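Asks: So here's start32.txt, just compact mmCIF, C-alpha atoms:
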```txt
# COMPACT_ATOMS: atom_id res chain seq x y z
CA MET A 1 0.00 0.00 0.00
CA ARG A 2 2.79 2.42 0.96
CA ARG A 3 4.60 1.54 -2.24
CA PHE A 4 1.43 2.18 -4.27
CA LEU A 5 0.94 5.61 -2.64
CA ARG A 6 4.57 6.56 -3.20
CA GLU A 7 4.76 5.43 -6.81
CA ASN A 8 1.51 7.23 -7.73
CA GLY A 9 1.89 10.25 -5.45
CA LEU A 10 1.50 12.89 -8.15
CA SER A 11 -1.75 11.62 -9.68
CA LEU A 12 -3.24 10.60 -6.31
CA ALA A 13 -2.43 13.95 -4.63
CA PHE A 14 -3.92 15.97 -7.48
CA GLY A 15 -6.94 13.65 -7.69
CA GLY A 16 -7.59 14.07 -3.97
CA LEU A 17 -7.18 17.85 -4.15
CA PHE A 18 -9.53 17.90 -7.14
CA LEU A 19 -12.29 16.14 -5.15
CA LEU A 20 -11.79 18.51 -2.19
CA THR A 21 -11.93 21.65 -4.32
CA LEU A 22 -14.93 20.35 -6.29
CA ALA A 23 -16.76 19.95 -2.97
CA GLY A 24 -15.51 23.39 -1.88
CA GLN A 25 -16.82 24.89 -5.11
CA ALA A 26 -20.24 23.37 -4.35
CA VAL A 27 -20.29 24.82 -0.81
CA ALA A 28 -19.21 28.30 -1.95
CA GLY A 29 -21.42 28.05 -5.04
CA VAL A 30 -24.64 27.39 -3.14
CA ALA A 31 -23.88 30.26 -0.74
CA ASP A 32 -23.26 32.62 -3.68
CA TYR A 33 -26.38 31.37 -5.49
CA ASN A 34 -28.54 31.94 -2.42
CA GLU A 35 -27.08 35.41 -1.85
CA GLN A 36 -28.13 36.36 -5.38
CA GLN A 37 -31.57 34.83 -4.83
CA ALA A 38 -31.96 36.87 -1.62
CA THR A 39 -31.13 40.15 -3.36
CA ARG A 40 -33.93 39.37 -5.82
CA GLN A 41 -36.23 38.41 -2.91
CA LEU A 42 -36.45 34.83 -4.23
CA PRO A 43 -36.23 31.67 -2.07
CA GLY A 44 -32.85 29.95 -1.61
CA ILE A 45 -32.03 26.32 -2.46
CA GLY A 46 -30.38 23.50 -0.49
CA PHE A 47 -26.97 21.92 -1.07
CA TRP A 48 -28.27 18.83 -2.88
CA GLN A 49 -30.55 20.91 -5.05
CA TYR A 50 -27.57 23.07 -6.00
CA ILE A 51 -25.26 20.19 -7.00
CA THR A 52 -27.98 18.89 -9.29
CA SER A 53 -28.55 22.37 -10.79
CA SER A 54 -27.52 23.55 -14.23
CA SER A 55 -25.75 26.48 -12.57
CA TYR A 56 -23.25 24.13 -10.88
CA ALA A 57 -22.99 21.91 -13.98
CA ALA A 58 -22.21 24.87 -16.25
CA ASP A 59 -19.64 26.33 -13.82
CA VAL A 60 -17.77 23.00 -13.53
CA THR A 61 -17.80 22.00 -17.20
CA GLU A 62 -16.71 25.41 -18.52
CA ASN A 63 -13.52 25.06 -16.50
CA TRP A 64 -12.96 21.43 -17.47
CA GLN A 65 -13.17 22.14 -21.19
CA SER A 66 -10.56 24.89 -21.07
CA GLU A 67 -8.10 22.74 -19.09
CA TYR A 68 -8.36 19.91 -21.58
CA LEU A 69 -8.11 22.32 -24.51
CA GLN A 70 -4.92 23.61 -22.92
CA PHE A 71 -3.38 20.14 -22.65
CA PHE A 72 -4.62 19.09 -26.09
CA LEU A 73 -3.08 22.18 -27.70
CA TYR A 74 0.13 21.78 -25.72
CA VAL A 75 0.53 18.09 -26.60
CA VAL A 76 -0.10 18.78 -30.31
CA ALA A 77 1.65 22.16 -30.62
CA THR A 78 4.87 20.82 -29.06
CA VAL A 79 5.13 18.37 -31.99
CA TRP A 80 5.51 21.24 -34.44
CA LEU A 81 6.58 24.33 -32.47
CA VAL A 82 9.72 24.74 -30.40
CA GLN A 83 10.96 27.24 -27.83
CA ARG A 84 14.73 27.49 -27.70
CA GLY A 85 15.90 27.06 -24.09
CA SER A 86 12.61 25.68 -22.72
CA THR A 87 12.25 22.46 -20.75
CA GLU A 88 8.83 22.14 -22.38
CA SER A 89 10.28 22.00 -25.89
CA LYS A 90 12.23 19.74 -28.20
CA LYS A 91 15.46 21.11 -29.65
CA VAL A 92 15.31 23.55 -32.57
CA GLY A 93 15.42 21.52 -35.79
CA GLU A 94 13.57 18.52 -34.28
CA GLU A 95 10.10 19.81 -35.20
CA GLY A 96 7.67 17.20 -36.53
CA PRO A 97 6.44 13.74 -35.55
CA GLY A 98 9.92 12.16 -35.49
CA ASP A 99 11.11 8.97 -37.18
CA ASP A 100 10.46 5.37 -36.08
CA LYS A 101 13.89 5.05 -34.48
CA GLN A 102 13.41 8.13 -32.31
CA GLU A 103 9.90 7.05 -31.40
CA GLN A 104 10.96 3.42 -30.74
CA VAL A 105 8.21 1.89 -32.87
CA GLY A 106 8.08 -1.13 -35.20
CA GLU A 107 11.48 -2.79 -35.54
CA HIS A 108 12.98 -0.20 -33.17
CA ALA A 109 10.58 -1.10 -30.32
CA GLY A 110 12.11 -2.74 -27.26
CA PRO A 111 10.81 -5.96 -25.68
CA ASP A 112 8.88 -4.01 -23.01
CA ALA A 113 7.27 -1.61 -25.52
CA PRO A 114 3.45 -1.33 -25.56
CA LYS A 115 1.96 -3.86 -28.00
CA PRO A 116 0.59 -1.34 -30.56
CA ALA A 117 4.05 0.27 -30.80
CA ILE A 118 5.52 -3.09 -31.81
CA GLU A 119 2.69 -4.16 -34.13
CA GLY A 120 2.21 -0.86 -35.97
CA GLY A 121 -0.66 -0.68 -38.46
CA PHE A 122 -3.86 1.22 -37.66
CA ARG A 123 -3.68 0.41 -33.94
CA GLY A 124 -0.12 1.66 -33.86
CA LEU A 125 -1.11 4.83 -35.67
CA VAL A 126 -3.92 5.56 -33.19
CA TYR A 127 -1.78 4.60 -30.17
CA SER A 128 1.01 6.91 -31.31
CA ARG A 129 -1.46 9.83 -31.09
CA SER A 130 -3.57 8.55 -28.18
CA LEU A 131 -2.58 11.20 -25.64
CA GLY A 132 -3.62 14.10 -27.88
CA LEU A 133 -6.71 12.22 -29.06
CA LEU A 134 -7.94 11.59 -25.50
CA MET A 135 -7.26 15.19 -24.40
CA GLY A 136 -9.04 16.50 -27.50
CA PHE A 137 -11.97 14.12 -26.97
CA ILE A 138 -12.40 15.14 -23.32
CA PHE A 139 -12.22 18.80 -24.40
CA LEU A 140 -15.00 18.33 -26.98
CA CYS A 141 -17.18 16.34 -24.53
CA SER A 142 -16.70 18.96 -21.79
CA TRP A 143 -17.42 21.83 -24.18
CA GLY A 144 -20.56 20.01 -25.33
CA ALA A 145 -21.61 19.44 -21.70
CA GLN A 146 -20.96 23.14 -20.98
CA SER A 147 -23.20 24.14 -23.88
CA ILE A 148 -26.06 21.89 -22.67
CA ALA A 149 -25.81 22.81 -18.98
CA GLY A 150 -25.08 26.45 -19.84
CA ARG A 151 -28.18 26.67 -21.97
CA ALA A 152 -30.35 25.19 -19.19
CA ASN A 153 -28.86 27.65 -16.70
CA TYR A 154 -29.30 30.56 -19.12
CA ASN A 155 -32.96 29.62 -19.60
CA VAL A 156 -33.54 29.54 -15.83
CA GLU A 157 -32.33 33.15 -15.75
CA GLN A 158 -34.33 34.10 -18.84
CA LEU A 159 -37.56 32.74 -17.33
CA ARG A 160 -36.84 34.42 -14.00
CA ASP A 161 -36.46 37.74 -15.88
CA LEU A 162 -39.67 37.02 -17.86
CA GLN A 163 -37.70 36.58 -21.12
CA ASP A 164 -38.12 33.87 -23.79
CA PRO A 165 -35.97 30.73 -23.36
CA VAL A 166 -33.43 29.96 -26.13
CA THR A 167 -32.79 26.80 -28.14
CA TRP A 168 -29.40 25.02 -28.00
CA GLY A 169 -28.59 26.42 -31.46
CA GLN A 170 -29.30 29.96 -30.27
CA TYR A 171 -27.32 29.43 -27.09
CA VAL A 172 -24.08 28.28 -28.75
CA VAL A 173 -23.89 31.54 -30.71
CA SER A 174 -24.92 33.67 -27.71
CA SER A 175 -22.69 36.13 -25.88
CA ASP A 176 -23.21 34.19 -22.61
CA PHE A 177 -21.75 30.98 -24.09
CA TRP A 178 -18.78 32.71 -25.70
CA ASN A 179 -18.09 34.91 -22.68
CA ARG A 180 -17.96 31.80 -20.47
CA THR A 181 -15.81 29.99 -23.05
CA LEU A 182 -13.29 32.70 -23.91
CA GLN A 183 -12.74 33.88 -20.33
CA ASN A 184 -11.43 30.39 -19.62
CA TRP A 185 -9.43 29.97 -22.82
CA GLN A 186 -7.53 33.24 -22.42
CA SER A 187 -6.23 32.33 -18.97
CA GLU A 188 -5.07 28.87 -20.07
CA LEU A 189 -3.24 30.24 -23.11
CA LEU A 190 -1.51 32.91 -21.03
CA ALA A 191 -0.39 30.35 -18.45
CA VAL A 192 0.94 27.90 -21.06
CA GLY A 193 2.77 30.56 -23.08
CA SER A 194 4.34 32.09 -19.99
CA MET A 195 5.39 28.66 -18.64
CA ALA A 196 7.15 27.88 -21.93
CA ILE A 197 9.20 31.08 -21.81
CA PHE A 198 9.67 31.37 -18.00
CA ALA A 199 11.24 27.88 -18.00
CA VAL A 200 14.03 29.24 -20.23
CA PHE A 201 15.39 31.65 -17.62
CA LEU A 202 14.02 30.47 -14.26
CA ARG A 203 14.66 27.26 -12.29
CA GLN A 204 12.90 25.17 -9.66
CA ARG A 205 15.39 22.98 -7.87
CA GLY A 206 14.26 19.34 -7.91
CA SER A 207 11.29 19.82 -10.25
CA SER A 208 10.90 17.74 -13.41
CA GLU A 209 9.33 20.87 -14.95
CA SER A 210 12.63 22.70 -14.60
CA LYS A 211 16.15 22.41 -15.92
CA PRO A 212 18.91 21.74 -13.39
CA VAL A 213 19.66 25.06 -11.64
CA GLY A 214 23.07 25.32 -13.29
CA ALA A 215 21.96 24.42 -16.81
CA PRO A 216 22.55 27.21 -19.35
CA HIS A 217 19.58 29.23 -20.64
CA GLU A 218 20.23 27.86 -24.14
CA ALA A 219 19.76 24.20 -23.00
CA THR A 220 16.54 23.06 -24.66
CA GLY A 221 14.44 20.04 -23.73
CA VAL A 222 16.57 19.30 -20.67
CA SER A 223 14.83 18.70 -17.36
CA ASN A 224 15.62 17.44 -13.87
CA MET B 1 2.36 -0.81 -13.46
CA LYS B 2 -0.82 -2.43 -12.07
CA GLY B 3 -1.28 0.34 -9.49
CA ALA B 4 -0.84 3.08 -12.09
CA GLY B 5 -3.39 1.31 -14.30
CA ALA B 6 -5.94 1.48 -11.49
CA VAL B 7 -5.32 5.24 -11.04
CA PHE B 8 -5.57 5.73 -14.83
CA ALA B 9 -8.94 3.93 -14.88
CA ALA B 10 -10.18 5.88 -11.85
CA TYR B 11 -9.43 9.20 -13.60
CA LEU B 12 -11.33 8.08 -16.70
CA VAL B 13 -14.33 7.02 -14.58
CA VAL B 14 -14.38 10.37 -12.72
CA ILE B 15 -14.01 12.42 -15.92
CA PHE B 16 -16.53 10.62 -18.11
CA GLY B 17 -18.85 9.88 -15.18
CA GLY B 18 -18.78 13.57 -14.28
CA LEU B 19 -19.40 14.65 -17.87
CA ALA B 20 -22.35 12.25 -18.19
CA TYR B 21 -23.77 13.51 -14.88
CA PHE B 22 -23.49 17.20 -15.81
CA THR B 23 -24.90 16.55 -19.31
CA VAL B 24 -27.94 14.75 -17.88
CA ILE B 25 -28.51 17.63 -15.44
CA GLY B 26 -28.46 20.06 -18.35
CA LEU B 27 -30.82 17.92 -20.42
CA LEU B 28 -33.30 17.40 -17.56
CA GLN B 29 -33.51 21.11 -16.77
CA ARG B 30 -34.42 22.30 -20.22
```
Rewrite the structure of this file - the entire thing - as structure tokens.
Replies:
Amino acid sequence: MRRFLRENGLSLAFGGLFLLTLAGQAVAGVADYNEQQATRQLPGIGFWQYITSSSYAADVTENWQSEYLQFFLYVVATVWLVQRGSTESKKVGEEGPGDDKQEQVGEHAGPDAPKPAIEGGFRGLVYSRSLGLLMGFIFLCSWGAQSIAGRANYNVEQLRDLQDPVTWGQYVVSSDFWNRTLQNWQSELLAVGSMAIFAVFLRQRGSSESKPVGAPHEATGVSN
Amino acid sequence: MKGAGAVFAAYLVVIFGGLAYFTVIGLLQR
């Protein structure tokens, strides 16, 4: 058990923190929701009613989609774009999907390689892009969920304000949908871009996201 | 890698379970 916890510390710690903050978001969210209801002299709702509301669903999914868009773009963009000196980048001149030898596929695969990497073919082709494909798929599913929950939440507000509800088609071209979407995208893109360039000149001793403290600024694709 | 496989599967269950849950909420509150 101790070995399991140690060997999977990163994913378990972040998974645990995710569950805690998701619960925290629900607690703060219901308080905020009820405050807004009170200012409109409308009745408040309970905790369980809130976590089954479209308001909570829209708030959660709009953040999920942008995180997975960020990782999808980063996984795919780092195939083709480089940043000289960054730990997050391949070396200048190595842009592109790489050859079979570099990628250790087919005849270059070792005995412990994943099966699709050895076999090649269609399965090998899909497996060799599976990380980006999964991130992109989760992004599209989350964005779709945001549009459905966001529309339901928007219509609750419309009806409360004695306005006509909108269809899904009307909602996905609405300012509410795009405001919720773009406010999340912009922050992810800023964080990713700044991480790529900050990692050139700054160090974090002991972190796999950083170069060794004494590595030169020009060292690209080197990490602890 | 058995332990890591279990964590990998747990993440997928949470992500797709969560997305299904939030989608159903949105669909039921039309």
Asks: Which centre and edge lengths in Å to one decimal define the box along x, y and z that fits every listed atom of region 16-20 of chain B plus 4 Å per side, as JSON?
Replies:
```
{"center_x": -19.4, "center_y": 12.3, "center_z": -16.2, "size_x": 13.8, "size_y": 12.8, "size_z": 11.9}
```
Asks: For Thr52 (chain A), please output as a VMD selection string all residues within 10 Å (counting all atoms listed in the file; exclusion window: fewer than 4 positions along the same chain).
Replies: (chain A and resid 47 to 48 56 to 57) or (chain B and resid 21 to 22 24 to 26 28 to 29)
Asks: Selection from above, C-alpha atoms, as a CSV table (one decimal), keeping the file's coordinate frame, can you write it?
Replies:
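And here's part_28.csv as it stands now:
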```csv
chain,number,residue,atom,x,y,z
A,47,PHE,CA,-27.0,21.9,-1.1
A,48,TRP,CA,-28.3,18.8,-2.9
A,56,TYR,CA,-23.2,24.1,-10.9
A,57,ALA,CA,-23.0,21.9,-14.0
B,21,TYR,CA,-23.8,13.5,-14.9
B,22,PHE,CA,-23.5,17.2,-15.8
B,24,VAL,CA,-27.9,14.8,-17.9
B,25,ILE,CA,-28.5,17.6,-15.4
B,26,GLY,CA,-28.5,20.1,-18.4
B,28,LEU,CA,-33.3,17.4,-17.6
B,29,GLN,CA,-33.5,21.1,-16.8
```
Asks: State, in Å with one decimal place, the distance from CA of Gln183 (chain A) to CA of Ser11 (chain A).
Replies: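 It comes out at 27.0 Å.
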Asks: Residues of chain A within 10 Å of chain B: nearest atom pair and distance (Å, one decimal) for each, counting only C-alpha atoms, sorted by chain and number, as JSON lines?
Replies:
```
{"residue": "A:Met1", "atom": "CA", "partner": "B:Gly3", "partner_atom": "CA", "distance": 9.6}
{"residue": "A:Arg3", "atom": "CA", "partner": "B:Gly3", "partner_atom": "CA", "distance": 9.4}
{"residue": "A:Phe4", "atom": "CA", "partner": "B:Gly3", "partner_atom": "CA", "distance": 6.2}
{"residue": "A:Leu5", "atom": "CA", "partner": "B:Gly3", "partner_atom": "CA", "distance": 8.9}
{"residue": "A:Glu7", "atom": "CA", "partner": "B:Ala4", "partner_atom": "CA", "distance": 8.0}
{"residue": "A:Asn8", "atom": "CA", "partner": "B:Ala4", "partner_atom": "CA", "distance": 6.5}
{"residue": "A:Ser11", "atom": "CA", "partner": "B:Val7", "partner_atom": "CA", "distance": 7.4}
{"residue": "A:Leu12", "atom": "CA", "partner": "B:Val7", "partner_atom": "CA", "distance": 7.4}
{"residue": "A:Gly15", "atom": "CA", "partner": "B:Tyr11", "partner_atom": "CA", "distance": 7.8}
{"residue": "A:Leu19", "atom": "CA", "partner": "B:Val14", "partner_atom": "CA", "distance": 9.7}
{"residue": "A:Ile51", "atom": "CA", "partner": "B:Ile25", "partner_atom": "CA", "distance": 9.4}
{"residue": "A:Thr52", "atom": "CA", "partner": "B:Ile25", "partner_atom": "CA", "distance": 6.3}
{"residue": "A:Ser53", "atom": "CA", "partner": "B:Ile25", "partner_atom": "CA", "distance": 6.6}
{"residue": "A:Ser54", "atom": "CA", "partner": "B:Gly26", "partner_atom": "CA", "distance": 5.5}
{"residue": "A:Ser55", "atom": "CA", "partner": "B:Gly26", "partner_atom": "CA", "distance": 9.1}
{"residue": "A:Tyr56", "atom": "CA", "partner": "B:Phe22", "partner_atom": "CA", "distance": 8.5}
{"residue": "A:Ala57", "atom": "CA", "partner": "B:Phe22", "partner_atom": "CA", "distance": 5.1}
{"residue": "A:Ala58", "atom": "CA", "partner": "B:Phe22", "partner_atom": "CA", "distance": 7.8}
{"residue": "A:Val60", "atom": "CA", "partner": "B:Phe22", "partner_atom": "CA", "distance": 8.5}
{"residue": "A:Thr61", "atom": "CA", "partner": "B:Leu19", "partner_atom": "CA", "distance": 7.6}
{"residue": "A:Trp64", "atom": "CA", "partner": "B:Ile15", "partner_atom": "CA", "distance": 9.2}
{"residue": "A:Ile138", "atom": "CA", "partner": "B:Phe16", "partner_atom": "CA", "distance": 8.0}
{"residue": "A:Cys141", "atom": "CA", "partner": "B:Leu19", "partner_atom": "CA", "distance": 7.2}
{"residue": "A:Ser142", "atom": "CA", "partner": "B:Leu19", "partner_atom": "CA", "distance": 6.4}
{"residue": "A:Trp143", "atom": "CA", "partner": "B:Leu19", "partner_atom": "CA", "distance": 9.8}
{"residue": "A:Gly144", "atom": "CA", "partner": "B:Thr23", "partner_atom": "CA", "distance": 8.2}
{"residue": "A:Ala145", "atom": "CA", "partner": "B:Thr23", "partner_atom": "CA", "distance": 5.0}
{"residue": "A:Gln146", "atom": "CA", "partner": "B:Thr23", "partner_atom": "CA", "distance": 7.9}
{"residue": "A:Ser147", "atom": "CA", "partner": "B:Gly26", "partner_atom": "CA", "distance": 8.7}
{"residue": "A:Ile148", "atom": "CA", "partner": "B:Gly26", "partner_atom": "CA", "distance": 5.3}
{"residue": "A:Ala149", "atom": "CA", "partner": "B:Gly26", "partner_atom": "CA", "distance": 3.9}
{"residue": "A:Gly150", "atom": "CA", "partner": "B:Gly26", "partner_atom": "CA", "distance": 7.4}
{"residue": "A:Arg151", "atom": "CA", "partner": "B:Gly26", "partner_atom": "CA", "distance": 7.5}
{"residue": "A:Ala152", "atom": "CA", "partner": "B:Arg30", "partner_atom": "CA", "distance": 5.1}
{"residue": "A:Asn153", "atom": "CA", "partner": "B:Gly26", "partner_atom": "CA", "distance": 7.8}
{"residue": "A:Tyr154", "atom": "CA", "partner": "B:Arg30", "partner_atom": "CA", "distance": 9.8}
{"residue": "A:Asn155", "atom": "CA", "partner": "B:Arg30", "partner_atom": "CA", "distance": 7.5}
{"residue": "A:Val156", "atom": "CA", "partner": "B:Gln29", "partner_atom": "CA", "distance": 8.5}
{"residue": "A:Pro165", "atom": "CA", "partner": "B:Arg30", "partner_atom": "CA", "distance": 9.1}
{"residue": "A:Val166", "atom": "CA", "partner": "B:Arg30", "partner_atom": "CA", "distance": 9.7}
{"residue": "A:Thr167", "atom": "CA", "partner": "B:Arg30", "partner_atom": "CA", "distance": 9.3}
{"residue": "A:Trp168", "atom": "CA", "partner": "B:Arg30", "partner_atom": "CA", "distance": 9.7}
```
Asks: Take the selection from the previous step and output its residues with C-alpha atoms, as a CSV table (one decimal), in the coordinates of the input.
Replies:
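And here's selection-v7.csv as it stands now:
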```
chain,number,residue,atom,x,y,z
A,1,MET,CA,0.0,0.0,0.0
A,3,ARG,CA,4.6,1.5,-2.2
A,4,PHE,CA,1.4,2.2,-4.3
A,5,LEU,CA,0.9,5.6,-2.6
A,7,GLU,CA,4.8,5.4,-6.8
A,8,ASN,CA,1.5,7.2,-7.7
A,11,SER,CA,-1.8,11.6,-9.7
A,12,LEU,CA,-3.2,10.6,-6.3
A,15,GLY,CA,-6.9,13.6,-7.7
A,19,LEU,CA,-12.3,16.1,-5.2
A,51,ILE,CA,-25.3,20.2,-7.0
A,52,THR,CA,-28.0,18.9,-9.3
A,53,SER,CA,-28.6,22.4,-10.8
A,54,SER,CA,-27.5,23.6,-14.2
A,55,SER,CA,-25.8,26.5,-12.6
A,56,TYR,CA,-23.2,24.1,-10.9
A,57,ALA,CA,-23.0,21.9,-14.0
A,58,ALA,CA,-22.2,24.9,-16.2
A,60,VAL,CA,-17.8,23.0,-13.5
A,61,THR,CA,-17.8,22.0,-17.2
A,64,TRP,CA,-13.0,21.4,-17.5
A,138,ILE,CA,-12.4,15.1,-23.3
A,141,CYS,CA,-17.2,16.3,-24.5
A,142,SER,CA,-16.7,19.0,-21.8
A,143,TRP,CA,-17.4,21.8,-24.2
A,144,GLY,CA,-20.6,20.0,-25.3
A,145,ALA,CA,-21.6,19.4,-21.7
A,146,GLN,CA,-21.0,23.1,-21.0
A,147,SER,CA,-23.2,24.1,-23.9
A,148,ILE,CA,-26.1,21.9,-22.7
A,149,ALA,CA,-25.8,22.8,-19.0
A,150,GLY,CA,-25.1,26.4,-19.8
A,151,ARG,CA,-28.2,26.7,-22.0
A,152,ALA,CA,-30.4,25.2,-19.2
A,153,ASN,CA,-28.9,27.6,-16.7
A,154,TYR,CA,-29.3,30.6,-19.1
A,155,ASN,CA,-33.0,29.6,-19.6
A,156,VAL,CA,-33.5,29.5,-15.8
A,165,PRO,CA,-36.0,30.7,-23.4
A,166,VAL,CA,-33.4,30.0,-26.1
A,167,THR,CA,-32.8,26.8,-28.1
A,168,TRP,CA,-29.4,25.0,-28.0
```
Asks: Rounded to one decimal place, report the CA of Asp59 (chain A)-CA of Ala26 (chain A) distance in Å.
Replies: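 Computed distance, CA of Asp59 (chain A) to CA of Ala26 (chain A), equals 9.9 Å.
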Asks: Measuring between all atoms listed in the file, which one of A:Thr39, A:Gln186, A:Gln158, A:Ser175 shows the shortest distance to Leu69 (chain A)?
Replies: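 Smallest separation from Leu69 (chain A) among the options: A:Gln186.
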Asks: What is the distance between CA of Leu73 (chain A) and CA of Gly124 (chain A), in Å to one decimal?
Replies: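 So the answer is 21.6 Å.
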Asks: Let me make sure I understand: among A:Gln204, A:Thr220, A:Gln65, A:Gln70, which one has the smallest atom-to-atom distance to Val82 (chain A) if we use only C-alpha atoms?
Replies: A:Thr220
Asks: Taking (-2.4, 16.4, -21.6) as a centre in this file's frame and 9 Å as the limit, can you find every polymer residue with an atom that close, using only C-alpha atoms, and give them as number ranges by chain?
Replies: A: 67-75, 131-132, 134-136
Asks: Write out as a list of chain:residue names each polymer residue whose atoms come within 8 Å of Asn34 (chain A), counting all atoms listed in the file; drop sequence neighbours fewer than 3 positions from it.
Replies: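 Skipping anything fewer than 3 positions along the chain leaves A:Val30, A:Ala31, A:Gln37, A:Ala38, A:Pro43, A:Gly44, A:Ile45.
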Asks: Looking at all atoms listed in the file, which of A:Val172, A:Ala196, A:Leu42, A:Leu133 is the one that sits closest to Arg160 (chain A)?
Replies: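 So, comparing all the options, the nearest one is A:Leu42.
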